[in-house]
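Engineer: Sending over my_file21.tsv (TSV, C-alpha atoms and all ligand atoms).
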chain	number	residue	atom	x	y	z
A	1	MET	CA	11.20	2.87	-13.88
A	2	SER	CA	9.65	2.31	-17.27
A	3	THR	CA	6.07	1.19	-17.80
A	4	ALA	CA	7.28	-2.06	-19.38
A	5	ALA	CA	9.36	-2.88	-16.30
A	6	ILE	CA	6.40	-2.17	-14.00
A	7	ILE	CA	4.16	-4.43	-16.08
A	8	ALA	CA	6.84	-7.15	-16.09
A	9	ILE	CA	7.10	-7.03	-12.27
A	10	ALA	CA	3.33	-7.19	-11.88
A	11	VAL	CA	3.02	-10.13	-14.31
A	12	GLY	CA	5.87	-11.95	-12.57
A	13	ALA	CA	4.20	-11.52	-9.18
A	14	VAL	CA	0.92	-12.87	-10.54
A	15	LEU	CA	2.68	-15.90	-12.10
A	16	VAL	CA	4.46	-16.71	-8.83
A	17	LEU	CA	1.21	-16.49	-6.92
A	18	ALA	CA	-0.52	-18.66	-9.52
A	19	ALA	CA	2.22	-21.30	-9.18
A	20	VAL	CA	1.87	-21.28	-5.40
A	21	SER	CA	-1.88	-21.68	-5.76
A	22	PHE	CA	-1.49	-24.61	-8.17
A	23	PHE	CA	0.92	-26.56	-5.98
A	24	THR	CA	-1.16	-25.89	-2.89
A	25	LEU	CA	-4.30	-27.27	-4.51
A	26	ALA	CA	-2.55	-30.20	-6.16
A	27	ARG	CA	-0.81	-31.32	-2.99
A	28	ARG	CA	-2.26	-34.44	-1.49
A	29	SER	CA	-2.18	-34.91	2.23
A	30	ASP	CA	0.62	-37.35	2.94
A	31	VAL	CA	0.40	-37.00	6.64
A	32	ARG	CA	-1.46	-39.51	8.72
A	33	GLY	CA	-4.88	-38.21	9.63
A	34	ALA	CA	-6.09	-37.57	13.10
A	35	GLY	CA	-7.00	-40.81	14.88
A	36	ALA	CA	-4.59	-43.08	12.98
A	37	LEU	CA	-2.82	-45.61	15.16
A	38	SER	CA	0.84	-46.47	15.32
A	39	SER	CA	2.08	-49.91	14.29
A	40	GLU	CA	2.90	-50.77	17.92
A	41	THR	CA	-0.65	-49.99	18.94
A	42	LEU	CA	-2.05	-52.09	16.11
A	43	ASP	CA	0.11	-55.08	17.18
A	44	ARG	CA	-1.04	-54.73	20.73
A	45	ASP	CA	-4.69	-54.60	19.65
A	46	LYS	CA	-4.21	-57.71	17.55
A	47	ALA	CA	-2.76	-59.63	20.52
A	48	ASN	CA	-5.65	-58.47	22.71
A	49	ARG	CA	-8.19	-59.71	20.18
A	50	LYS	CA	-6.57	-63.17	20.26
A	51	ASP	CA	-6.78	-63.16	24.02
A	52	SER	CA	-10.47	-62.30	23.91
A	53	ARG	CA	-11.26	-65.08	21.44
A	54	ALA	CA	-9.38	-67.65	23.50
A	55	PHE	CA	-11.19	-66.57	26.61
A	56	GLU	CA	-14.60	-66.78	24.92
A	57	ALA	CA	-13.81	-70.23	23.48
A	58	ALA	CA	-12.81	-71.53	26.86
A	59	ALA	CA	-15.90	-70.06	28.47
A	60	THR	CA	-18.16	-71.56	25.77
A	61	SER	CA	-16.69	-75.02	26.27
A	62	GLY	CA	-17.74	-74.88	29.93
A	63	ALA	CA	-14.39	-74.31	31.55
A	64	SER	CA	-14.31	-72.43	34.75
A	65	ARG	CA	-13.47	-68.76	34.83
A	66	SER	CA	-10.03	-69.46	36.23
A	67	ALA	CA	-9.39	-72.09	33.54
A	68	ALA	CA	-10.57	-69.71	30.86
A	69	LEU	CA	-8.26	-67.05	32.16
A	70	ALA	CA	-5.40	-69.54	32.27
A	71	GLU	CA	-6.17	-70.60	28.72
A	72	ALA	CA	-6.31	-66.98	27.63
A	73	GLU	CA	-3.02	-66.27	29.32
A	74	GLY	CA	-1.50	-69.33	27.72
A	75	THR	CA	-2.70	-68.18	24.33
A	76	ALA	CA	-1.37	-64.74	24.96
A	77	SER	CA	2.04	-66.03	25.87
A	78	ARG	CA	2.05	-68.24	22.79
A	79	GLY	CA	0.93	-65.27	20.63
A	80	THR	CA	3.73	-63.13	21.96
A	81	GLY	CA	6.33	-65.79	21.38
A	82	THR	CA	7.03	-66.63	25.01
A	83	GLY	CA	5.13	-69.95	25.00
A	84	LEU	CA	6.35	-73.36	23.82
A	85	ALA	CA	3.80	-73.89	21.01
A	86	THR	CA	2.15	-71.82	18.35
A	87	VAL	CA	-1.59	-72.03	17.84
A	88	ASP	CA	-3.11	-71.00	14.55
A	89	THR	CA	-6.24	-69.00	15.08
A	90	GLU	CA	-8.79	-67.64	12.66
A	91	PRO	CA	-8.31	-63.94	11.95
A	92	ALA	CA	-11.02	-61.93	13.53
A	93	LEU	CA	-13.70	-60.36	11.37
A	94	VAL	CA	-13.47	-56.66	11.79
A	95	PRO	CA	-16.47	-54.54	10.81
A	96	TRP	CA	-15.81	-52.33	7.80
A	97	VAL	CA	-15.33	-48.72	8.73
A	98	ALA	CA	-15.39	-45.94	6.19
A	99	PRO	CA	-11.87	-44.60	5.63
A	100	ASP	CA	-11.02	-41.32	7.24
A	101	PRO	CA	-10.93	-38.63	4.50
A	102	GLU	CA	-8.29	-36.79	6.50
A	103	ALA	CA	-6.03	-39.83	6.22
A	104	ILE	CA	-6.56	-40.69	2.55
A	105	GLY	CA	-6.44	-37.31	0.89
A	106	VAL	CA	-8.14	-33.96	0.33
A	107	SER	CA	-11.82	-33.76	1.10
A	108	ARG	CA	-14.20	-31.45	-0.72
A	109	ARG	CA	-14.33	-29.14	2.27
A	110	GLN	CA	-10.56	-29.02	2.42
A	111	PHE	CA	-10.42	-28.27	-1.27
A	112	PHE	CA	-12.77	-25.31	-0.99
A	113	ASN	CA	-11.08	-24.02	2.17
A	114	ARG	CA	-7.67	-24.18	0.56
A	115	ALA	CA	-8.97	-22.66	-2.66
A	116	THR	CA	-10.55	-19.79	-0.75
A	117	VAL	CA	-7.43	-19.08	1.29
A	118	THR	CA	-5.19	-19.38	-1.76
A	119	LEU	CA	-7.31	-17.08	-3.91
A	120	MET	CA	-7.56	-14.51	-1.13
A	121	THR	CA	-3.81	-14.67	-0.63
A	122	ALA	CA	-3.21	-14.31	-4.35
A	123	GLY	CA	-5.61	-11.36	-4.56
A	124	LEU	CA	-4.07	-9.55	-1.59
A	125	GLY	CA	-0.58	-10.27	-2.86
A	126	SER	CA	-1.38	-8.89	-6.29
A	127	PHE	CA	-2.98	-5.81	-4.75
A	128	ALA	CA	0.06	-5.24	-2.54
A	129	ALA	CA	2.41	-5.64	-5.50
A	130	ALA	CA	0.36	-3.25	-7.63
A	131	SER	CA	0.22	-0.74	-4.77
A	132	PHE	CA	3.96	-0.90	-4.30
A	133	VAL	CA	4.71	-0.54	-7.97
A	134	GLY	CA	2.10	2.08	-8.67
A	135	PHE	CA	2.18	4.24	-5.59
A	136	LEU	CA	5.20	3.54	-3.43
A	137	TRP	CA	7.89	3.38	-6.06
A	138	PRO	CA	9.91	6.59	-5.93
A	139	THR	CA	8.77	9.01	-8.56
A	140	GLY	CA	11.24	10.61	-10.85
A	141	THR	CA	11.41	14.21	-11.81
A	142	GLY	CA	9.16	15.95	-14.26
A	143	GLY	CA	5.70	15.55	-12.73
A	144	PHE	CA	3.71	17.70	-10.36
A	145	GLY	CA	4.68	16.76	-6.82
A	146	GLY	CA	8.37	16.62	-7.74
A	147	SER	CA	10.91	18.81	-9.46
A	148	VAL	CA	9.37	20.40	-12.54
A	149	PRO	CA	11.53	22.12	-15.18
A	150	VAL	CA	9.72	25.14	-16.60
A	151	GLY	CA	12.26	26.51	-19.05
A	152	LYS	CA	14.93	29.18	-19.19
A	153	LEU	CA	14.82	32.20	-16.88
A	154	ALA	CA	15.04	34.61	-19.82
A	155	THR	CA	12.13	32.89	-21.56
A	156	ILE	CA	10.03	33.05	-18.40
A	157	LYS	CA	10.72	36.76	-17.97
A	158	ASP	CA	9.67	37.32	-21.57
A	159	GLY	CA	6.53	35.32	-20.82
A	160	ILE	CA	5.78	37.53	-17.82
A	161	GLU	CA	6.06	40.62	-19.95
A	162	GLN	CA	3.93	39.17	-22.73
A	163	GLY	CA	1.37	37.96	-20.19
A	164	GLY	CA	0.83	41.45	-18.83
A	165	GLY	CA	2.79	40.76	-15.63
A	166	PHE	CA	1.82	37.12	-15.12
A	167	PHE	CA	3.28	33.84	-16.40
A	168	TYR	CA	1.45	30.59	-15.83
A	169	ALA	CA	3.36	27.28	-15.69
A	170	PRO	CA	0.65	24.60	-16.03
A	171	GLU	CA	3.01	21.65	-15.48
A	172	ALA	CA	3.90	23.13	-12.06
A	173	ARG	CA	0.38	24.47	-11.41
A	174	SER	CA	2.04	27.71	-10.50
A	175	TRP	CA	2.10	31.39	-11.31
A	176	ILE	CA	5.43	33.11	-11.86
A	177	THR	CA	5.66	36.87	-11.50
A	178	GLU	CA	8.47	39.38	-11.31
A	179	TYR	CA	9.88	40.26	-7.92
A	180	PRO	CA	11.28	43.82	-7.75
A	181	THR	CA	14.94	44.05	-6.78
A	182	GLU	CA	14.34	47.07	-4.54
A	183	ALA	CA	12.05	45.00	-2.29
A	184	LEU	CA	14.66	42.32	-1.59
A	185	PRO	CA	16.04	43.86	1.63
A	186	VAL	CA	12.61	43.69	3.23
A	187	ALA	CA	11.86	40.31	1.68
A	188	SER	CA	15.02	38.80	3.14
A	189	THR	CA	13.65	39.49	6.64
A	190	ILE	CA	10.38	37.69	5.90
A	191	TYR	CA	10.88	34.89	3.39
A	192	PRO	CA	13.03	31.77	3.91
A	193	ALA	CA	16.26	31.25	2.01
A	194	SER	CA	14.67	28.53	-0.12
A	195	LEU	CA	12.43	31.19	-1.70
A	196	LEU	CA	14.99	33.98	-1.82
A	197	THR	CA	17.10	32.05	-4.35
A	198	ALA	CA	14.56	32.71	-7.10
A	199	MET	CA	13.50	36.11	-5.79
A	200	GLU	CA	17.09	37.33	-6.04
A	201	GLN	CA	16.96	36.27	-9.70
A	202	GLY	CA	13.87	38.45	-10.14
A	203	ILE	CA	11.01	35.93	-9.99
A	204	VAL	CA	8.62	34.52	-7.40
A	205	VAL	CA	6.78	31.21	-7.80
A	206	LEU	CA	3.23	31.10	-6.40
A	207	SER	CA	0.95	28.11	-6.00
A	208	GLN	CA	-2.23	28.57	-8.01
A	209	LYS	CA	-4.23	27.21	-5.07
A	210	CYS	CA	-6.05	29.77	-2.97
A	211	PRO	CA	-5.06	29.38	0.70
A	212	HIS	CA	-8.67	30.02	1.68
A	213	LEU	CA	-10.48	26.95	0.31
A	214	GLY	CA	-8.31	25.83	-2.57
A	215	CYS	CA	-9.84	27.45	-5.66
A	216	ARG	CA	-7.51	28.25	-8.53
A	217	VAL	CA	-6.65	31.91	-8.22
A	218	PRO	CA	-6.63	33.81	-11.54
A	219	GLU	CA	-4.78	37.00	-12.29
A	220	CYS	CA	-6.65	40.26	-12.65
A	221	PRO	CA	-5.11	42.15	-15.60
A	222	THR	CA	-6.69	45.47	-14.60
A	223	SER	CA	-5.72	45.62	-10.93
A	224	GLN	CA	-2.50	43.66	-11.52
A	225	TRP	CA	-3.37	41.56	-8.50
A	226	PHE	CA	-4.49	37.98	-8.05
A	227	GLU	CA	-8.20	37.88	-7.26
A	228	CYS	CA	-9.99	34.68	-6.30
A	229	GLN	CA	-13.40	34.24	-7.90
A	230	CYS	CA	-14.69	31.92	-5.20
A	231	HIS	CA	-14.89	34.21	-2.19
A	232	GLY	CA	-13.10	37.33	-3.31
A	233	SER	CA	-9.68	37.04	-1.68
A	234	GLN	CA	-7.19	39.43	-3.24
A	235	TYR	CA	-3.40	39.30	-3.32
A	236	ASN	CA	-0.86	41.65	-4.82
A	237	ARG	CA	1.28	40.56	-7.74
A	238	VAL	CA	3.77	38.75	-5.50
A	239	GLY	CA	0.99	36.91	-3.67
A	240	GLU	CA	0.77	38.94	-0.47
A	241	LYS	CA	-2.74	39.14	0.90
A	242	LYS	CA	-4.61	42.40	0.40
A	243	ALA	CA	-8.26	41.53	1.09
A	244	GLY	CA	-10.81	38.75	1.48
A	245	PRO	CA	-11.27	35.74	3.75
A	246	ALA	CA	-7.93	34.02	3.02
A	247	PRO	CA	-5.92	33.37	6.21
A	248	ARG	CA	-2.54	34.35	4.62
A	249	GLY	CA	-0.82	35.21	1.39
A	250	MET	CA	-0.52	32.78	-1.51
A	251	ASP	CA	1.59	29.69	-0.88
A	252	ARG	CA	4.92	29.36	-2.70
A	253	HIS	CA	7.31	26.79	-4.16
A	254	PRO	CA	11.11	27.04	-4.04
A	255	ALA	CA	12.85	27.14	-7.42
A	256	THR	CA	16.43	26.61	-8.49
A	257	ILE	CA	18.09	28.30	-11.42
A	258	SER	CA	21.10	26.60	-12.94
A	259	ALA	CA	24.17	28.36	-14.34
A	260	SER	CA	22.71	27.90	-17.80
A	261	GLY	CA	19.47	29.58	-16.71
A	262	ASP	CA	17.24	26.50	-16.44
A	263	VAL	CA	14.48	27.02	-13.89
A	264	VAL	CA	13.25	24.00	-11.93
A	265	ILE	CA	10.33	24.34	-9.51
A	266	ASP	CA	10.16	22.07	-6.46
A	267	THR	CA	6.42	21.45	-6.43
A	268	GLY	CA	6.87	18.85	-3.69
A	269	THR	CA	7.67	21.65	-1.24
A	270	VAL	CA	4.97	24.14	-0.31
A	271	VAL	CA	6.00	27.18	1.72
A	272	PRO	CA	2.95	28.75	3.38
A	273	GLY	CA	2.19	32.27	2.27
A	274	PRO	CA	3.21	35.28	4.39
A	275	ALA	CA	1.01	36.47	7.22
A	276	ILE	CA	-1.75	38.98	6.72
A	277	GLY	CA	-0.27	42.46	6.65
A	278	VAL	CA	2.98	41.55	4.91
A	279	ASN	CA	3.41	43.91	1.97
A	280	THR	CA	7.01	43.88	0.85
A	281	THR	CA	6.44	45.57	-2.51
A	282	GLY	CA	3.86	48.17	-1.51
A	283	GLN	CA	1.99	47.56	-4.75
A	284	GLU	CA	-1.51	49.02	-4.77
A	285	ALA	CA	-4.24	48.08	-7.21
A	286	GLU	CA	-3.39	49.53	-10.60
A	287	GLY	CA	-6.94	49.53	-11.95
A	288	PRO	CA	-10.45	48.16	-11.40
A	289	HIS	CA	-10.76	44.92	-9.47
A	290	CYS	CA	-12.05	41.72	-11.02
A	291	THR	CA	-13.85	40.69	-7.81
A	292	GLY	CA	-15.59	42.50	-4.98
A	293	GLY	CA	-12.94	41.59	-2.42
A	294	GLY	CA	-13.14	43.17	0.99
A	295	ASP	CA	-12.13	41.98	4.43
A	296	HIS	CA	-14.36	39.33	6.02
B	1	LIG	S1	-11.18	29.89	-2.18
B	1	LIG	FE1	-10.30	31.76	-2.74
B	1	LIG	S2	-11.31	33.16	-1.53
B	1	LIG	FE2	-12.18	31.31	-0.98
Output the file's structure in the form of structure tokens.

Structural biologist:
Amino acid sequence: MSTAAIIAIAVGAVLVLAAVSFFTLARRSDVRGAGALSSETLDRDKANRKDSRAFEAAATSGASRSAALAEAEGTASRGTGTGLATVDTEPALVPWVAPDPEAIGVSRRQFFNRATVTLMTAGLGSFAAASFVGFLWPTGTGGFGGSVPVGKLATIKDGIEQGGGFFYAPEARSWITEYPTEALPVASTIYPASLLTAMEQGIVVLSQKCPHLGCRVPECPTSQWFECQCHGSQYNRVGEKKAGPAPRGMDRHPATISASGDVVIDTGTVVPGPAIGVNTTGQEAEGPHCTGGGDH
């Protein structure tokens, strides 16, 4: 996926989240707030208030309790339409009560709560989108961690010769050295088929990372070994451990070689180095060491 496409997806996600935020904040509450009464309840309350006033009027005029009740009942039946006459009564004065903010719209607290939730949601959504695009999207070929083309086999072999026995492929963070044909019968009993493909073509691909604690292992031109500067581990030219604290030989990557001779290293696959004592080539140091080495 191109960088422009990734940016377009990220911008689109942010715009969608911004639109959601806008409509959430702009939305007025059109639902009845808590405590609001239904129309039936309001009608019933109104009828009850008329009853109360009729009862009080009767009581004030000196009528007996039973007469007041009868008058109230008569008023009630007239108010509900079951009586014979209709009596006009003054509407009751109802004390003013502040409107319920829940019922009339969005209060300040609601606004800030919704804004907080919306902004957090937008932030997390953007982070998730960026994470997906940046880290979870499948990577293509060409970078370390995937399949890395390192050139033609013939060119690499020339590079090994010109490099005094060692060829470094920086894009694959790997060393490539020559693997002797005469050692293949022994190698085939030790190394997996994924490595033998390249070894049968005369090369071995070694991770530059020391299996001891991860330092980059340099070549030693005089001994024709690899010799780690950190703690002195030593490996022969095909990465088999000879000395030092490393727990095994140098780790390896499988490589494929096409019919046209193009070499591609699978840096996403790491094959652990051979066990201590494996020495398929029998190569001894060919000169002075670059480090002290020694078994620890
Ligand atoms: S990191 Fe190489 S010997 Fe320790």

Engineer: Enclose the full set of atoms of ligand LIG 1 (chain B) listed in the file within a box whose edges lie along x, y and z, apply 6 Å of padding to each of the six sides, and report centre and edge lengths in Å to one decimal as AutoDock Vina command-line options.

Structural biologist:
--center_x -11.2 --center_y 31.5 --center_z -1.9 --size_x 13.9 --size_y 15.3 --size_z 13.8

Engineer: Please determine, counting all atoms listed in the file, which residue among A:Glu90, A:Glu40, A:Asp262, A:Glu240 has the shortest atom-to-atom distance to Phe226 of chain A.

Structural biologist: A:Glu240

Engineer: So the first atom is atom CA of Gly165 of chain A and the second is atom CA of Thr177 of chain A; what is the distance between them in Å, to one decimal place?

Structural biologist: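 Atom-to-atom, atom CA of Gly165 of chain A and atom CA of Thr177 of chain A are spaced 6.4 Å apart.
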
Engineer: Show me, as a list in words, the residues that have an atom within 8 Å of segment 194-201 of chain A when counting all atoms listed in the file, minus same-chain residues fewer than 4 positions from it.

Structural biologist: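 The neighbour list is Tyr179, Thr181, Leu184, Ala187, Ser188, Val205, Arg252, His253, Pro254, Ala255, Thr256 and Ile257 of chain A.
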
Engineer: Measuring atom to atom with only C-alpha atoms and all ligand atoms, identify which of A:Val20, A:Ala246, A:Ala285, A:Val186 is nearest to ligand LIG 1 (chain B).

Structural biologist: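 Checking each candidate against ligand LIG 1 (chain B), we get A:Ala246 as the closest.
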
Engineer: Using 7 Å as the limit and counting all atoms listed in the file, can you tabulate each residue of chain A that touches ligand LIG 1 (chain B), with its shortest atom-to-atom distance in Å and the two atoms involved, as CSV?

Structural biologist:
residue,atom,partner,partner_atom,distance
A:Cys210,CA,B:LIG1,FE1,4.7
A:Pro211,CA,B:LIG1,FE1,6.7
A:His212,CA,B:LIG1,FE2,4.6
A:Leu213,CA,B:LIG1,S1,3.9
A:Gly214,CA,B:LIG1,S1,5.0
A:Cys215,CA,B:LIG1,S1,4.5
A:Val217,CA,B:LIG1,FE1,6.6
A:Cys228,CA,B:LIG1,FE1,4.6
A:Gln229,CA,B:LIG1,FE1,6.5
A:Cys230,CA,B:LIG1,FE2,4.9
A:His231,CA,B:LIG1,S2,3.8
A:Gly232,CA,B:LIG1,S2,4.9
A:Ser233,CA,B:LIG1,S2,4.2
A:Gly244,CA,B:LIG1,S2,6.4
A:Pro245,CA,B:LIG1,S2,5.9
A:Ala246,CA,B:LIG1,S2,5.7

Engineer: A:Ala122, A:Ile276, A:Ile160, A:Ile265: which is nearest Leu17 of chain A, counting all atoms listed in the file?

Structural biologist: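 Of A:Ala122, A:Ile276, A:Ile160, A:Ile265, the one nearest Leu17 of chain A, counting all atoms listed in the file, is A:Ala122.
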
Engineer: Just give me the gap between atom CA of Phe23 of chain A and atom CA of Ile6 of chain A in Å, one decimal is fine.

Structural biologist: 26.3 Å

Engineer: Taking only C-alpha atoms into account, name the residue in A:Gly277, A:Pro272, A:Gly292, A:Pro91 that is nearest to Pro192 of chain A.

Structural biologist: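 For Pro192 of chain A, the nearest of the given residues is A:Pro272.
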
Engineer: Could you jot down the atom CA of Glu161 of chain A to atom CA of Ala275 of chain A separation for me, Å, one decimal place?

Structural biologist: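 Rounded to one decimal, the two atoms are 27.9 Å apart.
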
Engineer: Find the residue from A:Thr116, A:Ser107, A:Gln234, A:Ser258 that sits nearest to Leu153 of chain A; use only C-alpha atoms when measuring.

Structural biologist: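 With only C-alpha atoms as the atom set, the closest residue is A:Ser258.
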
Engineer: So that I can see what lies close to segment 11-13 of chain A, please list as a PyMOL selection string the residues with an atom at most 12 Å from it, counting all atoms listed in the file and leaving out residues fewer than 5 positions away in the same chain.

Structural biologist: chain A and resi 4-6+18-20+122-130+132-133

Engineer: Could you check which of A:Val14, A:Val150, A:Thr24, A:Lys209 is closest to Arg114 of chain A, using only C-alpha atoms?

Structural biologist: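 With only C-alpha atoms as the atom set, the closest residue is A:Thr24.
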
Engineer: Just want the 12 Å neighbourhood of Gly164 of chain A, counted on all atoms listed in the file, with same-chain residues fewer than 6 positions away dropped. Output as a PyMOL selection string.

Structural biologist: chain A and resi 157-158+176-178+219-225+237

Engineer: Only C-alpha atoms, please: the residues just picked out, written as an mmCIF file, in the coordinates of the input.

Structural biologist:
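Just written: part.cif:
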data_model
loop_
_atom_site.group_PDB
_atom_site.id
_atom_site.type_symbol
_atom_site.label_atom_id
_atom_site.label_comp_id
_atom_site.auth_asym_id
_atom_site.auth_seq_id
_atom_site.Cartn_x
_atom_site.Cartn_y
_atom_site.Cartn_z
ATOM 1 C CA LYS A 157 10.720 36.760 -17.970
ATOM 2 C CA ASP A 158 9.670 37.320 -21.570
ATOM 3 C CA ILE A 176 5.430 33.110 -11.860
ATOM 4 C CA THR A 177 5.660 36.870 -11.500
ATOM 5 C CA GLU A 178 8.470 39.380 -11.310
ATOM 6 C CA GLU A 219 -4.780 37.000 -12.290
ATOM 7 C CA CYS A 220 -6.650 40.260 -12.650
ATOM 8 C CA PRO A 221 -5.110 42.150 -15.600
ATOM 9 C CA THR A 222 -6.690 45.470 -14.600
ATOM 10 C CA SER A 223 -5.720 45.620 -10.930
ATOM 11 C CA GLN A 224 -2.500 43.660 -11.520
ATOM 12 C CA TRP A 225 -3.370 41.560 -8.500
ATOM 13 C CA ARG A 237 1.280 40.560 -7.740
#
